[in-house]
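Everything below belongs to input.cif, which stores mmCIF, C-alpha atoms.
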```
data_upload
loop_
_atom_site.label_atom_id
_atom_site.label_comp_id
_atom_site.auth_asym_id
_atom_site.auth_seq_id
_atom_site.Cartn_x
_atom_site.Cartn_y
_atom_site.Cartn_z
CA MET R 1 -3.98 -3.90 3.24
CA ASP R 2 -0.89 -5.67 4.52
CA ARG R 3 0.56 -6.20 1.11
CA ASP R 4 1.21 -2.64 0.11
CA VAL R 5 3.17 -1.77 3.24
CA VAL R 6 6.93 -1.67 3.68
CA GLN R 7 7.97 -1.71 7.33
CA ARG R 8 11.57 -1.69 8.53
CA GLU R 9 13.25 -0.85 11.80
CA ILE R 10 16.64 -0.28 13.36
CA PHE R 11 18.10 0.27 16.82
CA ILE R 12 20.36 3.31 17.13
CA ASP R 13 22.69 3.72 20.08
CA ALA R 14 22.05 7.44 20.44
CA PRO R 15 19.52 9.50 22.42
CA ILE R 16 16.08 9.99 20.93
CA GLU R 17 16.49 13.77 20.76
CA ARG R 18 19.58 13.36 18.58
CA VAL R 19 17.87 10.93 16.23
CA TRP R 20 14.84 13.24 16.03
CA MET R 21 17.12 16.10 14.98
CA LEU R 22 18.76 13.98 12.29
CA ILE R 23 15.36 13.05 10.90
CA THR R 24 13.67 16.45 10.93
CA GLU R 25 16.40 19.00 10.26
CA PRO R 26 16.87 19.36 6.53
CA GLU R 27 20.67 19.36 6.31
CA HIS R 28 20.81 16.14 8.36
CA PHE R 29 17.83 14.57 6.60
CA ALA R 30 19.60 15.13 3.31
CA ALA R 31 22.71 13.35 4.54
CA TRP R 32 20.93 10.01 4.93
CA TYR R 33 17.90 10.35 2.66
CA ALA R 34 18.18 12.88 -0.17
CA SER R 35 21.78 13.12 -1.21
CA GLY R 36 21.27 16.26 -3.32
CA GLY R 37 19.72 18.28 -0.52
CA ALA R 38 16.45 18.84 1.27
CA GLU R 39 14.16 21.53 2.61
CA ILE R 40 11.71 20.78 5.37
CA ASP R 41 9.07 23.02 6.90
CA ALA R 42 8.52 20.78 9.90
CA ARG R 43 4.88 21.58 10.61
CA PRO R 44 1.70 19.71 9.66
CA GLY R 45 0.98 20.79 6.09
CA GLY R 46 4.53 22.09 5.67
CA ALA R 47 6.32 21.73 2.36
CA MET R 48 9.32 19.50 1.77
CA ARG R 49 11.69 19.28 -1.16
CA MET R 50 14.11 16.42 -1.70
CA ARG R 51 16.80 16.34 -4.38
CA TRP R 52 18.91 13.63 -5.88
CA ASP R 53 21.44 14.58 -8.49
CA GLU R 54 20.57 11.62 -10.66
CA HIS R 55 16.77 11.75 -10.27
CA GLY R 56 15.77 15.39 -9.79
CA GLU R 57 13.67 17.20 -7.23
CA PHE R 58 10.69 15.67 -5.45
CA LEU R 59 8.02 17.43 -3.44
CA ALA R 60 6.45 16.27 -0.21
CA VAL R 61 3.99 17.47 2.39
CA VAL R 62 4.51 17.02 6.12
CA GLU R 63 1.58 15.27 7.78
CA VAL R 64 2.63 14.57 11.38
CA VAL R 65 5.20 16.26 13.60
CA GLU R 66 5.13 15.09 17.23
CA PRO R 67 8.58 15.59 18.74
CA PRO R 68 10.45 13.46 19.46
CA HIS R 69 8.34 10.46 18.46
CA ARG R 70 6.52 10.78 15.13
CA PHE R 71 7.33 12.37 11.81
CA ALA R 72 5.27 11.54 8.75
CA PHE R 73 5.14 12.94 5.24
CA ARG R 74 3.63 12.13 1.88
CA PHE R 75 5.93 12.45 -1.07
CA ALA R 76 5.38 12.40 -4.79
CA ARG R 77 7.16 9.66 -6.68
CA GLU R 78 7.39 11.69 -9.86
CA PRO R 79 9.65 14.76 -9.94
CA ASP R 80 8.39 18.34 -9.79
CA ARG R 81 4.81 17.29 -9.01
CA ALA R 82 2.83 18.00 -5.88
CA PRO R 83 1.98 14.82 -3.96
CA ARG R 84 -1.59 13.63 -4.31
CA PRO R 85 -3.34 10.27 -3.89
CA GLY R 86 -2.21 8.26 -6.91
CA ASN R 87 1.31 9.63 -7.34
CA SER R 88 2.60 9.46 -3.79
CA THR R 89 3.43 7.22 -0.89
CA ARG R 90 3.34 8.04 2.78
CA VAL R 91 6.35 7.64 5.05
CA ALA R 92 5.85 7.46 8.80
CA LEU R 93 8.88 7.46 11.10
CA THR R 94 8.33 6.51 14.73
CA LEU R 95 10.99 6.88 17.41
CA GLU R 96 10.89 5.22 20.82
CA ALA R 97 13.52 5.45 23.53
CA GLU R 98 14.98 2.01 24.23
CA GLY R 99 17.52 1.87 27.04
CA THR R 100 20.13 4.49 26.24
CA GLY R 101 19.26 4.39 22.55
CA THR R 102 16.41 4.75 20.12
CA ARG R 103 14.35 2.32 18.09
CA VAL R 104 13.33 3.76 14.74
CA VAL R 105 10.48 2.19 12.81
CA VAL R 106 9.62 3.32 9.30
CA VAL R 107 6.37 2.42 7.59
CA GLU R 108 5.85 3.33 3.97
CA THR R 109 2.35 2.83 2.55
CA GLY R 110 0.31 3.59 -0.51
CA PHE R 111 2.06 1.50 -3.16
CA ALA R 112 -1.22 -0.04 -4.24
CA ASP R 113 -2.66 3.40 -4.97
CA LEU R 114 0.03 4.46 -7.41
CA ASP R 115 -0.49 4.97 -11.09
CA ILE R 116 -3.98 3.63 -11.17
CA SER R 117 -6.25 5.67 -13.40
CA PRO R 118 -9.53 6.91 -11.91
CA ALA R 119 -11.44 4.51 -14.16
CA GLU R 120 -9.43 1.54 -12.94
CA ARG R 121 -9.76 2.62 -9.30
CA ALA R 122 -13.53 2.99 -9.70
CA ALA R 123 -13.69 -0.44 -11.32
CA TYR R 124 -11.81 -2.02 -8.42
CA ALA R 125 -14.00 -0.22 -5.89
CA ASP R 126 -17.13 -1.38 -7.65
CA VAL R 127 -15.98 -4.99 -7.83
CA GLU R 128 -14.92 -4.94 -4.19
CA ALA R 129 -18.18 -3.39 -3.06
CA GLN R 130 -20.16 -6.02 -4.93
CA GLY R 131 -17.88 -8.76 -3.73
CA TRP R 132 -18.30 -7.73 -0.12
CA SER R 133 -22.06 -7.33 -0.35
CA ALA R 134 -22.35 -10.71 -2.05
CA GLY R 135 -20.13 -12.17 0.63
CA LEU R 136 -22.16 -10.68 3.44
CA ALA R 137 -25.39 -11.87 1.87
CA ALA R 138 -23.93 -15.36 1.57
CA LEU R 139 -22.79 -15.20 5.18
CA ARG R 140 -26.28 -14.22 6.33
CA GLN R 141 -27.76 -17.08 4.37
CA TYR R 142 -25.23 -19.45 5.85
CA ALA R 143 -26.12 -18.31 9.34
CA VAL R 144 -29.80 -18.82 8.63
CA ASP R 145 -29.85 -22.19 6.93
CA GLY R 146 -26.28 -23.45 6.56
CA THR R 147 -26.02 -22.83 2.82
CA GLY R 148 -23.77 -20.16 1.29
CA ARG R 149 -25.75 -19.62 -1.91
CA MET O 1 0.18 -3.66 -15.91
CA THR O 2 1.81 -1.80 -13.07
CA HIS O 3 2.99 -3.16 -9.75
CA ALA O 4 0.43 -0.93 -8.08
CA ALA O 5 -2.37 -2.62 -10.02
CA VAL O 6 -1.06 -6.02 -8.91
CA LEU O 7 -0.98 -4.86 -5.29
CA ALA O 8 -4.49 -3.43 -5.55
CA ALA O 9 -5.69 -6.70 -7.05
CA VAL O 10 -4.20 -8.95 -4.36
CA SER O 11 -4.97 -6.65 -1.42
CA GLU O 12 -8.59 -7.78 -1.53
CA PRO O 13 -8.72 -10.84 0.73
CA MET O 14 -11.02 -12.92 -1.48
CA ARG O 15 -8.85 -12.38 -4.54
CA TRP O 16 -5.79 -13.38 -2.54
CA ARG O 17 -7.61 -16.53 -1.44
CA ILE O 18 -8.56 -17.31 -5.05
CA LEU O 19 -4.90 -16.99 -6.07
CA GLU O 20 -3.91 -19.31 -3.23
CA LEU O 21 -6.50 -21.90 -4.26
CA LEU O 22 -5.34 -21.81 -7.88
CA SER O 23 -1.66 -21.95 -6.89
CA ASP O 24 -2.12 -24.85 -4.47
CA GLY O 25 -4.81 -26.81 -6.30
CA GLY O 26 -4.03 -26.19 -9.96
CA ASP O 27 -6.42 -24.74 -12.48
CA ALA O 28 -10.13 -24.63 -11.72
CA THR O 29 -13.47 -23.36 -12.96
CA ALA O 30 -15.22 -20.42 -11.33
CA SER O 31 -17.86 -22.79 -9.97
CA ALA O 32 -15.25 -25.04 -8.38
CA LEU O 33 -13.61 -22.00 -6.74
CA ALA O 34 -16.95 -20.69 -5.48
CA GLY O 35 -17.55 -24.08 -3.89
CA GLN O 36 -14.52 -23.48 -1.68
CA LEU O 37 -15.32 -19.87 -0.77
CA PRO O 38 -18.04 -18.13 1.24
CA VAL O 39 -19.12 -16.01 -1.73
CA SER O 40 -21.30 -16.53 -4.77
CA ARG O 41 -20.07 -17.72 -8.15
CA GLN O 42 -20.99 -14.31 -9.51
CA ALA O 43 -18.67 -12.64 -7.00
CA VAL O 44 -15.90 -15.12 -7.88
CA MET O 45 -16.36 -14.28 -11.58
CA LYS O 46 -15.93 -10.59 -10.84
CA HIS O 47 -12.78 -11.24 -8.81
CA LEU O 48 -11.39 -13.48 -11.56
CA ALA O 49 -12.01 -10.67 -14.04
CA VAL O 50 -9.82 -8.36 -11.98
CA LEU O 51 -7.12 -11.02 -11.62
CA ASP O 52 -7.28 -11.76 -15.35
CA ARG O 53 -7.04 -8.08 -16.26
CA THR O 54 -3.98 -7.75 -14.00
CA GLY O 55 -2.27 -10.76 -15.54
CA LEU O 56 -2.35 -12.76 -12.31
CA VAL O 57 -4.55 -15.50 -13.77
CA SER O 58 -5.25 -16.69 -17.27
CA ARG O 59 -8.19 -18.64 -18.59
CA ARG O 60 -8.55 -21.36 -21.17
CA ARG O 61 -11.52 -23.05 -22.66
CA PHE O 62 -11.74 -26.83 -22.22
CA GLY O 63 -14.81 -28.06 -24.09
CA ASN O 64 -17.66 -26.03 -22.63
CA GLU O 65 -15.72 -25.15 -19.45
CA ILE O 66 -13.51 -22.18 -18.76
CA ARG O 67 -10.63 -23.03 -16.45
CA TYR O 68 -8.48 -20.47 -14.66
CA SER O 69 -4.83 -20.87 -13.70
CA ALA O 70 -2.55 -18.71 -11.60
CA HIS O 71 0.49 -16.87 -12.95
CA PRO O 72 2.96 -16.41 -10.13
CA GLU O 73 5.55 -14.55 -12.21
CA ARG O 74 3.73 -11.23 -12.09
CA LEU O 75 3.19 -11.49 -8.36
CA ALA O 76 6.84 -12.42 -7.91
CA ALA O 77 7.89 -9.37 -9.93
CA THR O 78 5.78 -7.11 -7.70
CA ALA O 79 7.13 -8.77 -4.58
CA THR O 80 10.64 -8.08 -5.85
CA TRP O 81 9.68 -4.44 -6.39
CA MET O 82 8.42 -4.15 -2.82
CA GLU O 83 11.54 -5.87 -1.52
CA ALA O 84 13.62 -3.26 -3.33
CA ALA O 85 11.70 -0.55 -1.48
CA ALA O 86 12.39 -2.34 1.80
CA ARG O 87 16.10 -2.65 1.01
CA ALA O 88 16.28 1.04 0.17
CA TRP O 89 14.93 1.77 3.63
CA ASP O 90 17.43 -0.58 5.23
CA GLN O 91 20.24 1.39 3.57
CA ARG O 92 18.83 4.72 4.72
CA LEU O 93 18.36 3.51 8.28
CA VAL O 94 21.94 2.23 8.40
CA ALA O 95 23.16 5.62 7.15
CA LEU O 96 21.03 7.34 9.81
CA LYS O 97 22.44 5.02 12.46
CA ARG O 98 26.03 5.74 11.45
CA MET O 99 25.39 9.47 11.54
CA ALA O 100 23.67 9.31 14.92
CA GLU O 101 26.27 7.09 16.58
CA GLY O 102 29.36 8.40 14.85
CA ARG O 103 29.07 12.02 15.83
CA ALA O 104 27.59 11.61 19.27
CA GLY O 105 29.20 14.19 21.54
CA ALA O 106 30.97 15.87 18.62
CA GLU O 107 28.89 19.04 18.94
#
```
So, in terms of structure tokens, how does the structure I just supplied come out?
Amino acid sequence: MDRDVVQREIFIDAPIERVWMLITEPEHFAAWYASGGAEIDARPGGAMRMRWDEHGEFLAVVEVVEPPHRFAFRFAREPDRAPRPGNSTRVALTLEAEGTGTRVVVVETGFADLDISPAERAAYADVEAQGWSAGLAALRQYAVDGTGR
Amino acid sequence: MTHAAVLAAVSEPMRWRILELLSDGGDATASALAGQLPVSRQAVMKHLAVLDRTGLVSRRRFGNEIRYSAHPERLAATATWMEAAARAWDQRLVALKRMAEGRAGAE
């Protein structure tokens, strides 16, 4: 699903261990991400809180911690709610040493899963399943006799 | 209809292809679209129903035909929303970069 992914990157002229610290230690994370403050329990399954004075407090769950290369979390896009499929996106930060510096790549996914009611999601899944099976049947027919219908 | 619903609608490759065909070729019937795709007319109808429900296509009756046309505005609005998310990340990464480079050696 290429279209519900945001991917950005930047080169930082600082060692990877320093960048890792700035990404995973809560007082530093807050300085560039959550201006009102943050708490991070940097373990898989650990809880995160992020605050913005103008928006409120948002909860997240740590998914991946592999120092100094990968840090991923899923965070709720509505305040004061635990993240779950349907109200959250997933952020994955990947660090790679590059020369004397660090390349940071961020991938945020899950936009297509937001705010869709269970009935809508089931309807999409049903249509897609039928679409694929019809497509595969047509493909088989095409392979057999050159017609798609 | 939410941006997420638009993304879910266009993330299915056949629906994206249908939108492309309607955008490039102008309005068309479901049969005409199926003639350009490796799926049945029935499958195309189901995909058009999703696109219609999401506001990405609209349909009009011409005599005893129903013709579908693409509506790029909704897709453009969702693309703008995603671009805003990307720009937000650009700002954060620049802030991270300044922090990392500015205080190097200051501890």
Please return, as a count of residues only, all residues of chain O lying within 10 Å of chain R when only C-alpha atoms are considered.
55
Starting from the displayed file, determine the output of the PyMOL selection byres ((chain O and resi 69) around 10) and express the residue list as a ChimeraX atom specification.
/O:19,21-23,25-29,52,56-60,67-68,70-72
Which is closest to Gly56 in chain R among R:Ala42, R:His69, R:Pro79, R:Gly37, if we use all atoms listed in the file?
R:Pro79
For a test of reading the model, state the distance in Å between CA of Ala76 in chain R and CA of Thr89 in chain R, rounded to one decimal.
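Between these atoms lies a distance of 6.8 Å.
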May I have the protein, DNA and RNA residues with an atom at most 12 Å from (7.4, 11.8, 4.2), counting all atoms listed in the file in the file's coordinates, returned as a PyMOL selection string?
chain R and resi 23-24+29+33-34+38-50+58-65+70-77+83+88-94+106-110
Export of the given selection (C-alpha atoms) as a PDB file, in the coordinates of the input:
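The new file result-v4.pdb reads:
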```
ATOM      1  CA  ILE R  23      15.360  13.050  10.900  1.00  0.00           C
ATOM      2  CA  THR R  24      13.670  16.450  10.930  1.00  0.00           C
ATOM      3  CA  PHE R  29      17.830  14.570   6.600  1.00  0.00           C
ATOM      4  CA  TYR R  33      17.900  10.350   2.660  1.00  0.00           C
ATOM      5  CA  ALA R  34      18.180  12.880  -0.170  1.00  0.00           C
ATOM      6  CA  ALA R  38      16.450  18.840   1.270  1.00  0.00           C
ATOM      7  CA  GLU R  39      14.160  21.530   2.610  1.00  0.00           C
ATOM      8  CA  ILE R  40      11.710  20.780   5.370  1.00  0.00           C
ATOM      9  CA  ASP R  41       9.070  23.020   6.900  1.00  0.00           C
ATOM     10  CA  ALA R  42       8.520  20.780   9.900  1.00  0.00           C
ATOM     11  CA  ARG R  43       4.880  21.580  10.610  1.00  0.00           C
ATOM     12  CA  PRO R  44       1.700  19.710   9.660  1.00  0.00           C
ATOM     13  CA  GLY R  45       0.980  20.790   6.090  1.00  0.00           C
ATOM     14  CA  GLY R  46       4.530  22.090   5.670  1.00  0.00           C
ATOM     15  CA  ALA R  47       6.320  21.730   2.360  1.00  0.00           C
ATOM     16  CA  MET R  48       9.320  19.500   1.770  1.00  0.00           C
ATOM     17  CA  ARG R  49      11.690  19.280  -1.160  1.00  0.00           C
ATOM     18  CA  MET R  50      14.110  16.420  -1.700  1.00  0.00           C
ATOM     19  CA  PHE R  58      10.690  15.670  -5.450  1.00  0.00           C
ATOM     20  CA  LEU R  59       8.020  17.430  -3.440  1.00  0.00           C
ATOM     21  CA  ALA R  60       6.450  16.270  -0.210  1.00  0.00           C
ATOM     22  CA  VAL R  61       3.990  17.470   2.390  1.00  0.00           C
ATOM     23  CA  VAL R  62       4.510  17.020   6.120  1.00  0.00           C
ATOM     24  CA  GLU R  63       1.580  15.270   7.780  1.00  0.00           C
ATOM     25  CA  VAL R  64       2.630  14.570  11.380  1.00  0.00           C
ATOM     26  CA  VAL R  65       5.200  16.260  13.600  1.00  0.00           C
ATOM     27  CA  ARG R  70       6.520  10.780  15.130  1.00  0.00           C
ATOM     28  CA  PHE R  71       7.330  12.370  11.810  1.00  0.00           C
ATOM     29  CA  ALA R  72       5.270  11.540   8.750  1.00  0.00           C
ATOM     30  CA  PHE R  73       5.140  12.940   5.240  1.00  0.00           C
ATOM     31  CA  ARG R  74       3.630  12.130   1.880  1.00  0.00           C
ATOM     32  CA  PHE R  75       5.930  12.450  -1.070  1.00  0.00           C
ATOM     33  CA  ALA R  76       5.380  12.400  -4.790  1.00  0.00           C
ATOM     34  CA  ARG R  77       7.160   9.660  -6.680  1.00  0.00           C
ATOM     35  CA  PRO R  83       1.980  14.820  -3.960  1.00  0.00           C
ATOM     36  CA  SER R  88       2.600   9.460  -3.790  1.00  0.00           C
ATOM     37  CA  THR R  89       3.430   7.220  -0.890  1.00  0.00           C
ATOM     38  CA  ARG R  90       3.340   8.040   2.780  1.00  0.00           C
ATOM     39  CA  VAL R  91       6.350   7.640   5.050  1.00  0.00           C
ATOM     40  CA  ALA R  92       5.850   7.460   8.800  1.00  0.00           C
ATOM     41  CA  LEU R  93       8.880   7.460  11.100  1.00  0.00           C
ATOM     42  CA  THR R  94       8.330   6.510  14.730  1.00  0.00           C
ATOM     43  CA  VAL R 106       9.620   3.320   9.300  1.00  0.00           C
ATOM     44  CA  VAL R 107       6.370   2.420   7.590  1.00  0.00           C
ATOM     45  CA  GLU R 108       5.850   3.330   3.970  1.00  0.00           C
ATOM     46  CA  THR R 109       2.350   2.830   2.550  1.00  0.00           C
ATOM     47  CA  GLY R 110       0.310   3.590  -0.510  1.00  0.00           C
TER      48      GLY R 110
END
```
Could you tell me how far CA of Thr78 in chain O sits from CA of Arg81 in chain R, in Å to one decimal place?
24.5 Å
Could you tell me how far CA of Ile18 in chain O lies from CA of Leu51 in chain O, in Å and to one decimal?
9.2 Å
